[in-house]
$ cat query.cif   # mmCIF, C-alpha atoms
data_entry
loop_
_atom_site.label_atom_id
_atom_site.label_comp_id
_atom_site.auth_asym_id
_atom_site.auth_seq_id
_atom_site.Cartn_x
_atom_site.Cartn_y
_atom_site.Cartn_z
CA MET A 294 0.84 31.13 19.37
CA LYS A 295 -2.59 32.27 20.53
CA LYS A 296 -5.25 29.74 21.42
CA VAL A 297 -7.45 30.96 18.54
CA ASP A 298 -4.57 30.48 16.09
CA LEU A 299 -3.94 26.97 17.40
CA GLU A 300 -7.61 26.08 17.00
CA ASP A 301 -7.64 27.41 13.43
CA GLU A 302 -4.51 25.46 12.59
CA GLN A 303 -6.00 22.25 13.96
CA LYS A 304 -9.16 22.82 11.93
CA GLN A 305 -7.05 23.16 8.79
CA HIS A 306 -5.19 19.95 9.59
CA SER A 307 -8.46 18.20 10.33
CA ALA A 308 -9.98 19.29 7.02
CA ARG A 309 -6.94 18.06 5.10
CA VAL A 310 -6.84 14.69 6.88
CA ALA A 311 -10.59 14.26 6.47
CA GLU A 312 -10.26 14.88 2.73
CA LEU A 313 -7.46 12.31 2.50
CA PHE A 314 -9.74 9.69 4.03
CA GLY A 315 -12.81 10.79 2.07
CA LEU A 316 -14.61 12.08 5.15
CA ASP A 317 -16.35 15.23 6.34
CA SER A 318 -14.30 16.80 9.13
CA HIS A 319 -17.53 17.57 10.98
CA SER A 320 -18.92 14.03 10.75
CA LEU A 321 -19.32 11.96 13.90
CA ALA A 322 -17.19 9.20 12.41
CA PHE A 323 -14.24 11.50 11.72
CA ILE A 324 -14.48 13.21 15.11
CA ALA A 325 -14.50 9.85 16.90
CA ALA A 326 -11.62 8.51 14.79
CA THR A 327 -9.44 11.49 15.69
CA THR A 328 -10.27 11.49 19.41
CA HIS A 329 -7.64 9.99 21.70
CA PRO A 330 -8.96 8.21 24.83
CA SER A 331 -7.33 10.92 27.00
CA PHE A 332 -9.71 13.49 25.52
CA ALA A 333 -12.78 11.31 26.04
CA HIS A 334 -11.67 10.53 29.60
CA GLU A 335 -11.89 14.22 30.50
CA ARG A 336 -15.30 14.55 28.85
CA PRO A 337 -17.62 11.70 29.86
CA GLY A 338 -19.87 10.67 27.00
CA GLU A 339 -17.42 11.66 24.25
CA PRO A 340 -16.51 8.74 21.94
CA ASP A 341 -12.86 7.82 21.39
CA ASN A 342 -11.19 5.95 18.55
CA GLN A 343 -10.51 2.60 20.25
CA ARG A 344 -13.53 0.71 18.91
CA LEU A 345 -12.96 2.15 15.43
CA GLU A 346 -9.30 1.13 15.63
CA PHE A 347 -10.39 -2.47 16.29
CA LEU A 348 -12.58 -2.46 13.18
CA GLY A 349 -10.06 -0.64 11.01
CA ASP A 350 -7.34 -3.14 11.87
CA ALA A 351 -9.49 -6.00 10.52
CA ILE A 352 -10.46 -4.07 7.38
CA LEU A 353 -6.84 -3.16 6.61
CA ASP A 354 -5.72 -6.77 7.02
CA PHE A 355 -8.45 -7.95 4.65
CA VAL A 356 -7.84 -5.36 1.93
CA VAL A 357 -4.06 -5.77 2.02
CA SER A 358 -4.39 -9.57 1.96
CA GLU A 359 -6.67 -9.36 -1.07
CA TRP A 360 -4.29 -7.01 -2.90
CA LEU A 361 -1.23 -9.15 -2.20
CA TYR A 362 -3.07 -12.30 -3.30
CA GLU A 363 -3.86 -10.70 -6.65
CA GLN A 364 -0.52 -8.93 -7.18
CA PHE A 365 1.89 -11.70 -6.17
CA SER A 366 0.47 -14.88 -7.66
CA SER A 367 3.79 -16.71 -7.31
CA TYR A 368 4.18 -16.09 -3.56
CA ASN A 369 3.35 -18.80 -1.06
CA GLU A 370 1.41 -18.27 2.17
CA GLY A 371 4.50 -17.51 4.23
CA GLN A 372 5.80 -14.92 1.80
CA LEU A 373 2.43 -13.20 1.58
CA THR A 374 2.12 -13.17 5.36
CA ARG A 375 5.55 -11.59 5.82
CA LEU A 376 4.88 -8.90 3.24
CA ARG A 377 1.47 -8.10 4.73
CA ALA A 378 3.03 -7.81 8.19
CA GLN A 379 5.48 -5.24 6.86
CA LEU A 380 2.80 -3.16 5.14
CA VAL A 381 0.39 -3.03 8.10
CA SER A 382 2.97 -2.80 10.89
CA THR A 383 2.82 -0.05 13.48
CA GLN A 384 5.97 1.46 11.98
CA ALA A 385 4.52 1.50 8.45
CA LEU A 386 1.24 3.10 9.55
CA CYS A 387 3.11 5.63 11.67
CA ARG A 388 5.29 6.59 8.70
CA PHE A 389 2.14 7.17 6.64
CA ALA A 390 0.59 9.24 9.44
CA ARG A 391 3.68 11.41 9.81
CA GLU A 392 3.88 11.99 6.07
CA TYR A 393 0.40 13.54 6.15
CA GLU A 394 0.81 15.19 9.59
CA LEU A 395 -2.11 13.24 10.95
CA GLY A 396 -1.08 13.86 14.56
CA ALA A 397 -1.96 17.55 14.25
CA ALA A 398 -5.59 16.60 13.62
CA LEU A 399 -5.97 14.47 16.76
CA ARG A 400 -7.77 15.57 19.93
CA PHE A 401 -5.98 14.89 23.22
CA GLY A 402 -6.73 15.56 26.84
CA LYS A 403 -5.12 18.65 28.33
CA GLY A 404 -2.28 16.78 30.00
CA ALA A 405 -1.68 14.33 27.16
CA GLY A 406 -1.85 17.02 24.49
CA GLN A 407 1.11 18.79 26.04
CA GLY A 408 3.26 15.67 25.88
CA SER A 409 4.63 13.66 22.99
CA LEU A 410 1.57 11.51 22.30
CA HIS A 411 0.84 13.40 19.07
CA ASP A 412 3.97 11.77 17.60
CA SER A 413 3.72 8.38 19.32
CA GLU A 414 3.99 5.43 16.91
CA ASN A 415 1.17 3.52 18.59
CA VAL A 416 -1.12 6.54 18.80
CA LEU A 417 -0.60 7.45 15.14
CA ALA A 418 -1.00 3.86 13.92
CA ASP A 419 -4.21 3.46 15.93
CA ALA A 420 -5.56 6.69 14.46
CA VAL A 421 -4.88 5.51 10.90
CA GLU A 422 -6.80 2.30 11.56
CA ALA A 423 -9.63 4.23 13.20
CA LEU A 424 -9.89 6.50 10.16
CA ILE A 425 -10.01 3.47 7.87
CA ALA A 426 -12.98 2.24 9.90
CA ALA A 427 -14.59 5.68 9.73
CA SER A 428 -14.28 5.59 5.93
CA PHE A 429 -15.88 2.15 5.96
CA ARG A 430 -18.74 3.34 8.15
CA ASP A 431 -19.38 6.42 6.00
CA GLN A 432 -18.67 5.09 2.50
CA GLY A 433 -18.71 1.32 2.70
CA LEU A 434 -16.02 -1.14 1.70
CA GLU A 435 -15.07 0.69 -1.50
CA GLY A 436 -14.36 3.86 0.46
CA ALA A 437 -12.20 1.93 2.91
CA ARG A 438 -10.53 0.05 0.06
CA ARG A 439 -9.47 3.33 -1.59
CA VAL A 440 -7.88 4.53 1.64
CA CYS A 441 -6.15 1.20 2.26
CA GLN A 442 -4.74 1.31 -1.26
CA LEU A 443 -3.20 4.71 -0.52
CA ILE A 444 -1.52 3.20 2.52
CA VAL A 445 -0.30 0.16 0.56
CA ASP A 446 1.06 2.25 -2.30
CA PHE A 447 2.86 4.50 0.20
CA GLY A 448 4.27 1.51 2.07
CA MET A 449 5.53 -0.21 -1.08
CA LYS A 450 7.77 2.79 -1.79
CA PHE A 451 9.79 1.89 1.30
CA ASN A 452 9.38 -1.86 1.18
CA GLN A 453 12.31 -3.76 -0.24
CA GLU A 454 10.57 -7.10 0.26
CA PRO A 455 13.43 -8.85 2.08
CA GLU A 456 13.33 -12.64 1.92
CA GLN A 457 10.82 -12.44 -0.89
CA ARG A 458 11.25 -14.36 -4.11
CA ASP A 459 12.97 -12.20 -6.74
CA THR A 460 11.16 -13.51 -9.81
CA LYS A 461 13.09 -11.32 -12.26
CA SER A 462 16.46 -12.61 -11.07
CA GLU A 463 15.21 -16.17 -11.00
CA LEU A 464 13.88 -15.97 -14.57
CA GLN A 465 17.14 -14.45 -15.80
CA GLU A 466 19.20 -17.16 -14.13
CA ARG A 467 17.06 -19.92 -15.63
CA VAL A 468 17.06 -18.63 -19.22
CA GLN A 469 20.77 -17.86 -19.19
CA ALA A 470 21.47 -21.33 -17.83
CA LEU A 471 19.83 -22.58 -21.04
CA GLY A 472 22.22 -20.48 -23.11
CA LEU A 473 19.64 -17.78 -23.92
CA LYS A 474 19.97 -14.04 -23.59
CA ALA A 475 18.59 -12.15 -20.61
CA PRO A 476 14.84 -11.38 -20.60
CA ILE A 477 13.66 -8.02 -21.94
CA TYR A 478 10.75 -6.13 -20.36
CA ARG A 479 8.62 -3.49 -22.05
CA VAL A 480 5.50 -1.61 -21.09
CA VAL A 481 2.65 -2.58 -23.41
CA GLY A 482 -0.14 -0.65 -21.74
CA ALA A 483 -1.11 1.69 -18.92
CA GLU A 484 -4.49 2.81 -17.65
CA GLY A 485 -6.02 4.86 -14.88
CA PRO A 486 -5.50 8.42 -13.59
CA ALA A 487 -1.99 9.71 -12.99
CA HIS A 488 -2.01 8.89 -9.26
CA GLU A 489 -3.41 5.38 -9.78
CA VAL A 490 -1.80 4.17 -13.01
CA VAL A 491 -1.80 0.40 -13.60
CA PHE A 492 0.94 -0.87 -15.92
CA ASP A 493 0.94 -3.87 -18.25
CA VAL A 494 4.41 -5.23 -18.95
CA GLU A 495 5.48 -7.95 -21.38
CA VAL A 496 8.58 -10.08 -20.89
CA SER A 497 10.32 -11.66 -23.87
CA VAL A 498 13.34 -13.89 -24.40
CA ALA A 499 15.15 -14.33 -27.70
CA GLY A 500 12.52 -12.12 -29.35
CA THR A 501 9.63 -14.30 -28.22
CA ALA A 502 6.98 -12.95 -25.84
CA LEU A 503 6.62 -15.22 -22.83
CA ALA A 504 4.12 -13.57 -20.52
CA GLN A 505 2.53 -10.35 -19.30
CA GLY A 506 2.16 -8.90 -15.83
CA ARG A 507 0.13 -6.10 -14.32
CA GLY A 508 0.93 -3.86 -11.36
CA ARG A 509 0.64 -0.39 -9.84
CA SER A 510 4.26 0.25 -10.71
CA LYS A 511 6.49 -0.92 -13.56
CA ARG A 512 8.57 -2.87 -11.07
CA LEU A 513 5.59 -4.80 -9.75
CA ALA A 514 4.32 -5.46 -13.27
CA GLU A 515 7.75 -6.76 -14.33
CA ARG A 516 7.90 -9.09 -11.33
CA GLU A 517 4.42 -10.37 -12.08
CA ALA A 518 5.35 -10.99 -15.73
CA ALA A 519 8.45 -12.88 -14.62
CA ALA A 520 6.39 -14.93 -12.17
CA VAL A 521 3.94 -15.94 -14.91
CA ALA A 522 6.82 -16.85 -17.24
CA LEU A 523 8.35 -19.01 -14.53
CA SER A 524 5.09 -20.83 -13.90
CA GLU A 525 4.36 -21.49 -17.58
CA LEU A 526 7.93 -22.57 -18.49
CA LYS A 527 7.57 -21.43 -22.11
CA TYR A 528 11.20 -20.30 -22.12
CA GLU A 529 12.30 -23.94 -22.02
CA LEU A 530 10.90 -24.42 -25.51
CA LEU A 531 13.20 -21.72 -26.87
CA VAL A 532 16.35 -23.82 -26.56
CA SER A 533 15.39 -25.68 -29.73
CA VAL A 534 14.42 -22.52 -31.62
CA PRO A 535 17.15 -20.33 -33.20
CA GLU A 536 17.35 -16.93 -31.54
CA LYS A 537 16.14 -13.94 -33.51
CA THR A 538 18.58 -11.19 -34.37
CA SER A 539 19.36 -8.49 -31.85
CA VAL A 540 17.42 -6.04 -34.05
CA ASP A 541 14.30 -8.18 -33.66
CA VAL A 542 14.79 -8.47 -29.90
CA GLU A 543 15.12 -4.76 -29.37
CA GLY A 544 12.31 -3.98 -31.78
#
$ encode --input "query.cif" --output "structure tokens"
Amino acid sequence: MKKVDLEDEQKQHSARVAELFGLDSHSLAFIAATTHPSFAHERPGEPDNQRLEFLGDAILDFVVSEWLYEQFSSYNEGQLTRLRAQLVSTQALCRFAREYELGAALRFGKGAGQGSLHDSENVLADAVEALIAASFRDQGLEGARRVCQLIVDFGMKFNQEPEQRDTKSELQERVQALGLKAPIYRVVGAEGPAHEVVFDVEVSVAGTALAQGRGRSKRLAEREAAAVALSELKYELLVSVPEKTSVDVEG
């Protein structure tokens, strides 16, 4: 491929990545965030993305911590810490970067650019964090928060939350131990654009609504509803109340 074609292709990748992070591909923040130290080393005075990576790492930790605190009210500190570590790990950020071909938008030195650095886990993860910081610098915390939410939503698709409390299973075990039927979950509301829908889910047992949960997926909303039901213990009161008919439960 000709040099001109390669340059045009990189510009297209850069424009697409910049749009993903809410940035102008010609802005100083974006250029710095996508500049590997090997490129800056060959051109004294050029900024690289190391300082931005430092800032982006802190911003990502904060935003993810805030989101987990709000979404998983039943989790203790250790559980939240483990889940955050999975979502912001080098592997998770690299997976996100590869999905959006972020490596093709990076600037490397001549020697480094011919190697495998464009697909290196550490290089890609650092670039994601640098771009988060660039979004923060250009658009403030809300701009960075939007980008971090994209990363979290992407990461949750692959995250099976090992060693995390399965609130749905726990609620089912507890109510069935009391001789009641398994909980039923139903969506009672949804809001937001198609790519950022937030679901409201209600959990009921024996035809009686116990609690509601909210989440960016039905699964998360169901788990939140189960967690609330477990904390409020309303299902224990149902053992002295005759169950409604199956028609009432399903309806």
$ resolve_selection --input "query.cif" --expression "the PyMOL selection byres ((chain A and resi 377) around 12)" --output "PyMOL selection string"
chain A and resi 353-362+365+368+370-376+378-383+385+444-445+448-449+452+454+457
$ residues_around --input "query.cif" --residues "Asp446 in chain A" --least-positions-apart "4" --cutoff "10 Å" --atoms "only C-alpha atoms" --output "number ranges by chain"
A: 380, 441-442, 450-452, 489, 509-510
$ resolve_selection --input "query.cif" --expression "the PyMOL selection byres ((chain A and resi 348) around 12)" --output "compact mmCIF listing (two decimals) with C-alpha atoms, in the frame of the given file"
# COMPACT_ATOMS: atom_id res chain seq x y z
CA ALA A 326 -11.62 8.51 14.79
CA ASN A 342 -11.19 5.95 18.55
CA GLN A 343 -10.51 2.60 20.25
CA ARG A 344 -13.53 0.71 18.91
CA LEU A 345 -12.96 2.15 15.43
CA GLU A 346 -9.30 1.13 15.63
CA PHE A 347 -10.39 -2.47 16.29
CA GLY A 349 -10.06 -0.64 11.01
CA ASP A 350 -7.34 -3.14 11.87
CA ALA A 351 -9.49 -6.00 10.52
CA ILE A 352 -10.46 -4.07 7.38
CA LEU A 353 -6.84 -3.16 6.61
CA ASP A 354 -5.72 -6.77 7.02
CA PHE A 355 -8.45 -7.95 4.65
CA ASP A 419 -4.21 3.46 15.93
CA ALA A 420 -5.56 6.69 14.46
CA VAL A 421 -4.88 5.51 10.90
CA GLU A 422 -6.80 2.30 11.56
CA ALA A 423 -9.63 4.23 13.20
CA LEU A 424 -9.89 6.50 10.16
CA ILE A 425 -10.01 3.47 7.87
CA ALA A 426 -12.98 2.24 9.90
CA ALA A 427 -14.59 5.68 9.73
CA SER A 428 -14.28 5.59 5.93
CA PHE A 429 -15.88 2.15 5.96
CA ARG A 430 -18.74 3.34 8.15
CA ALA A 437 -12.20 1.93 2.91
$ resolve_selection --input "query.cif" --expression "the PyMOL selection byres ((chain A and resi 515) around 12)" --output "number ranges by chain"
A: 364-365, 459-462, 464, 476-481, 491-497, 504-514, 516-522
$ write_last_selection --input "query.cif" --atoms "C-alpha atoms" --output "mmCIF file, in the coordinates of the input"
data_model
loop_
_atom_site.group_PDB
_atom_site.id
_atom_site.type_symbol
_atom_site.label_atom_id
_atom_site.label_comp_id
_atom_site.auth_asym_id
_atom_site.auth_seq_id
_atom_site.Cartn_x
_atom_site.Cartn_y
_atom_site.Cartn_z
ATOM 1 C CA GLN A 364 -0.520 -8.930 -7.180
ATOM 2 C CA PHE A 365 1.890 -11.700 -6.170
ATOM 3 C CA ASP A 459 12.970 -12.200 -6.740
ATOM 4 C CA THR A 460 11.160 -13.510 -9.810
ATOM 5 C CA LYS A 461 13.090 -11.320 -12.260
ATOM 6 C CA SER A 462 16.460 -12.610 -11.070
ATOM 7 C CA LEU A 464 13.880 -15.970 -14.570
ATOM 8 C CA PRO A 476 14.840 -11.380 -20.600
ATOM 9 C CA ILE A 477 13.660 -8.020 -21.940
ATOM 10 C CA TYR A 478 10.750 -6.130 -20.360
ATOM 11 C CA ARG A 479 8.620 -3.490 -22.050
ATOM 12 C CA VAL A 480 5.500 -1.610 -21.090
ATOM 13 C CA VAL A 481 2.650 -2.580 -23.410
ATOM 14 C CA VAL A 491 -1.800 0.400 -13.600
ATOM 15 C CA PHE A 492 0.940 -0.870 -15.920
ATOM 16 C CA ASP A 493 0.940 -3.870 -18.250
ATOM 17 C CA VAL A 494 4.410 -5.230 -18.950
ATOM 18 C CA GLU A 495 5.480 -7.950 -21.380
ATOM 19 C CA VAL A 496 8.580 -10.080 -20.890
ATOM 20 C CA SER A 497 10.320 -11.660 -23.870
ATOM 21 C CA ALA A 504 4.120 -13.570 -20.520
ATOM 22 C CA GLN A 505 2.530 -10.350 -19.300
ATOM 23 C CA GLY A 506 2.160 -8.900 -15.830
ATOM 24 C CA ARG A 507 0.130 -6.100 -14.320
ATOM 25 C CA GLY A 508 0.930 -3.860 -11.360
ATOM 26 C CA ARG A 509 0.640 -0.390 -9.840
ATOM 27 C CA SER A 510 4.260 0.250 -10.710
ATOM 28 C CA LYS A 511 6.490 -0.920 -13.560
ATOM 29 C CA ARG A 512 8.570 -2.870 -11.070
ATOM 30 C CA LEU A 513 5.590 -4.800 -9.750
ATOM 31 C CA ALA A 514 4.320 -5.460 -13.270
ATOM 32 C CA ARG A 516 7.900 -9.090 -11.330
ATOM 33 C CA GLU A 517 4.420 -10.370 -12.080
ATOM 34 C CA ALA A 518 5.350 -10.990 -15.730
ATOM 35 C CA ALA A 519 8.450 -12.880 -14.620
ATOM 36 C CA ALA A 520 6.390 -14.930 -12.170
ATOM 37 C CA VAL A 521 3.940 -15.940 -14.910
ATOM 38 C CA ALA A 522 6.820 -16.850 -17.240
#
$ atom_distance --input "query.cif" --atom1 "CA of Glu335 in chain A" --atom2 "CA of Gly402 in chain A"
6.5 Å
$ atom_distance --input "query.cif" --atom1 "CA of Leu386 in chain A" --atom2 "CA of Ala418 in chain A"
5.0 Å
$ atom_distance --input "query.cif" --atom1 "CA of Gln465 in chain A" --atom2 "CA of Ser366 in chain A"
18.6 Å
$ closest_residue --input "query.cif" --among "A:Asp431, A:Glu339, A:Glu525, A:Glu466" --to "Ser320 in chain A" --atoms "all atoms listed in the file"
A:Asp431
$ residues_near_point --input "query.cif" --point "(-1.9, 13.7, 11.1)" --cutoff "10 Å" --atoms "only C-alpha atoms" --output "list in words"
Gln303, His306, Ser307, Arg309, Val310, Ala311, Thr327, Cys387, Phe389, Ala390, Arg391, Glu392, Tyr393, Glu394, Leu395, Gly396, Ala397, Ala398, Leu399, His411, Asp412, Leu417, Ala420 and Val421 of chain A
$ closest_residue --input "query.cif" --among "A:Val490, A:Arg400, A:Ala333, A:Glu363" --to "Lys304 in chain A" --atoms "all atoms listed in the file"
A:Arg400
$ closest_residue --input "query.cif" --among "A:Asn415, A:Gln432, A:Glu529, A:Leu523" --to "Ser367 in chain A" --atoms "only C-alpha atoms"
A:Leu523
$ axis_aligned_box --input "query.cif" --around "range 362-371 of chain A" --padding-each-side "4 Å" --output "JSON"
{"center_x": 0.3, "center_y": -13.9, "center_z": -1.7, "size_x": 16.4, "size_y": 17.9, "size_z": 19.9}
$ build_atoms --input "query.cif" --residues "range 455-479 of chain A" --atoms "N, CA and C atoms" --output "PDB file, in the frame of the given file"
ATOM      1  N   PRO A 455      12.378  -7.911   1.737  1.00  0.00           N
ATOM      2  CA  PRO A 455      13.430  -8.850   2.080  1.00  0.00           C
ATOM      3  C   PRO A 455      12.883 -10.256   2.220  1.00  0.00           C
ATOM      4  N   GLU A 456      13.677 -11.222   1.851  1.00  0.00           N
ATOM      5  CA  GLU A 456      13.330 -12.640   1.920  1.00  0.00           C
ATOM      6  C   GLU A 456      12.215 -13.019   0.960  1.00  0.00           C
ATOM      7  N   GLN A 457      11.838 -12.107   0.080  1.00  0.00           N
ATOM      8  CA  GLN A 457      10.820 -12.440  -0.890  1.00  0.00           C
ATOM      9  C   GLN A 457      11.471 -12.999  -2.152  1.00  0.00           C
ATOM     10  N   ARG A 458      10.745 -13.781  -2.876  1.00  0.00           N
ATOM     11  CA  ARG A 458      11.250 -14.360  -4.110  1.00  0.00           C
ATOM     12  C   ARG A 458      11.453 -13.274  -5.154  1.00  0.00           C
ATOM     13  N   ASP A 459      12.662 -13.163  -5.692  1.00  0.00           N
ATOM     14  CA  ASP A 459      12.970 -12.200  -6.740  1.00  0.00           C
ATOM     15  C   ASP A 459      12.735 -12.894  -8.080  1.00  0.00           C
ATOM     16  N   THR A 460      11.524 -12.768  -8.610  1.00  0.00           N
ATOM     17  CA  THR A 460      11.160 -13.510  -9.810  1.00  0.00           C
ATOM     18  C   THR A 460      11.962 -13.073 -11.034  1.00  0.00           C
ATOM     19  N   LYS A 461      12.308 -11.800 -11.115  1.00  0.00           N
ATOM     20  CA  LYS A 461      13.090 -11.320 -12.260  1.00  0.00           C
ATOM     21  C   LYS A 461      14.475 -11.959 -12.288  1.00  0.00           C
ATOM     22  N   SER A 462      15.131 -11.990 -11.140  1.00  0.00           N
ATOM     23  CA  SER A 462      16.460 -12.610 -11.070  1.00  0.00           C
ATOM     24  C   SER A 462      16.385 -14.099 -11.342  1.00  0.00           C
ATOM     25  N   GLU A 463      15.355 -14.733 -10.807  1.00  0.00           N
ATOM     26  CA  GLU A 463      15.210 -16.170 -11.000  1.00  0.00           C
ATOM     27  C   GLU A 463      14.980 -16.513 -12.475  1.00  0.00           C
ATOM     28  N   LEU A 464      14.131 -15.726 -13.156  1.00  0.00           N
ATOM     29  CA  LEU A 464      13.880 -15.970 -14.570  1.00  0.00           C
ATOM     30  C   LEU A 464      15.159 -15.769 -15.380  1.00  0.00           C
ATOM     31  N   GLN A 465      15.901 -14.708 -15.072  1.00  0.00           N
ATOM     32  CA  GLN A 465      17.140 -14.450 -15.800  1.00  0.00           C
ATOM     33  C   GLN A 465      18.144 -15.586 -15.616  1.00  0.00           C
ATOM     34  N   GLU A 466      18.271 -16.067 -14.395  1.00  0.00           N
ATOM     35  CA  GLU A 466      19.200 -17.160 -14.130  1.00  0.00           C
ATOM     36  C   GLU A 466      18.804 -18.412 -14.910  1.00  0.00           C
ATOM     37  N   ARG A 467      17.516 -18.697 -14.959  1.00  0.00           N
ATOM     38  CA  ARG A 467      17.060 -19.920 -15.630  1.00  0.00           C
ATOM     39  C   ARG A 467      17.254 -19.848 -17.143  1.00  0.00           C
ATOM     40  N   VAL A 468      16.935 -18.703 -17.756  1.00  0.00           N
ATOM     41  CA  VAL A 468      17.060 -18.630 -19.220  1.00  0.00           C
ATOM     42  C   VAL A 468      18.524 -18.578 -19.632  1.00  0.00           C
ATOM     43  N   GLN A 469      19.356 -17.918 -18.837  1.00  0.00           N
ATOM     44  CA  GLN A 469      20.770 -17.860 -19.190  1.00  0.00           C
ATOM     45  C   GLN A 469      21.453 -19.201 -18.960  1.00  0.00           C
ATOM     46  N   ALA A 470      20.943 -19.985 -18.028  1.00  0.00           N
ATOM     47  CA  ALA A 470      21.470 -21.330 -17.830  1.00  0.00           C
ATOM     48  C   ALA A 470      21.192 -22.219 -19.046  1.00  0.00           C
ATOM     49  N   LEU A 471      20.174 -21.842 -19.815  1.00  0.00           N
ATOM     50  CA  LEU A 471      19.830 -22.580 -21.040  1.00  0.00           C
ATOM     51  C   LEU A 471      20.588 -22.031 -22.250  1.00  0.00           C
ATOM     52  N   GLY A 472      21.458 -21.065 -22.023  1.00  0.00           N
ATOM     53  CA  GLY A 472      22.220 -20.480 -23.110  1.00  0.00           C
ATOM     54  C   GLY A 472      21.501 -19.381 -23.852  1.00  0.00           C
ATOM     55  N   LEU A 473      20.419 -18.850 -23.283  1.00  0.00           N
ATOM     56  CA  LEU A 473      19.640 -17.780 -23.920  1.00  0.00           C
ATOM     57  C   LEU A 473      20.029 -16.427 -23.335  1.00  0.00           C
ATOM     58  N   LYS A 474      19.685 -15.384 -24.059  1.00  0.00           N
ATOM     59  CA  LYS A 474      19.970 -14.040 -23.590  1.00  0.00           C
ATOM     60  C   LYS A 474      19.012 -13.639 -22.463  1.00  0.00           C
ATOM     61  N   ALA A 475      19.397 -12.607 -21.738  1.00  0.00           N
ATOM     62  CA  ALA A 475      18.590 -12.150 -20.610  1.00  0.00           C
ATOM     63  C   ALA A 475      17.211 -11.677 -21.078  1.00  0.00           C
ATOM     64  N   PRO A 476      16.192 -11.831 -20.249  1.00  0.00           N
ATOM     65  CA  PRO A 476      14.840 -11.380 -20.600  1.00  0.00           C
ATOM     66  C   PRO A 476      14.795  -9.866 -20.818  1.00  0.00           C
ATOM     67  N   ILE A 477      13.879  -9.441 -21.671  1.00  0.00           N
ATOM     68  CA  ILE A 477      13.660  -8.020 -21.940  1.00  0.00           C
ATOM     69  C   ILE A 477      12.222  -7.679 -21.537  1.00  0.00           C
ATOM     70  N   TYR A 478      12.063  -6.562 -20.822  1.00  0.00           N
ATOM     71  CA  TYR A 478      10.750  -6.130 -20.360  1.00  0.00           C
ATOM     72  C   TYR A 478      10.360  -4.833 -21.063  1.00  0.00           C
ATOM     73  N   ARG A 479       9.099  -4.741 -21.460  1.00  0.00           N
ATOM     74  CA  ARG A 479       8.620  -3.490 -22.050  1.00  0.00           C
ATOM     75  C   ARG A 479       7.169  -3.251 -21.651  1.00  0.00           C
TER      76      ARG A 479
END
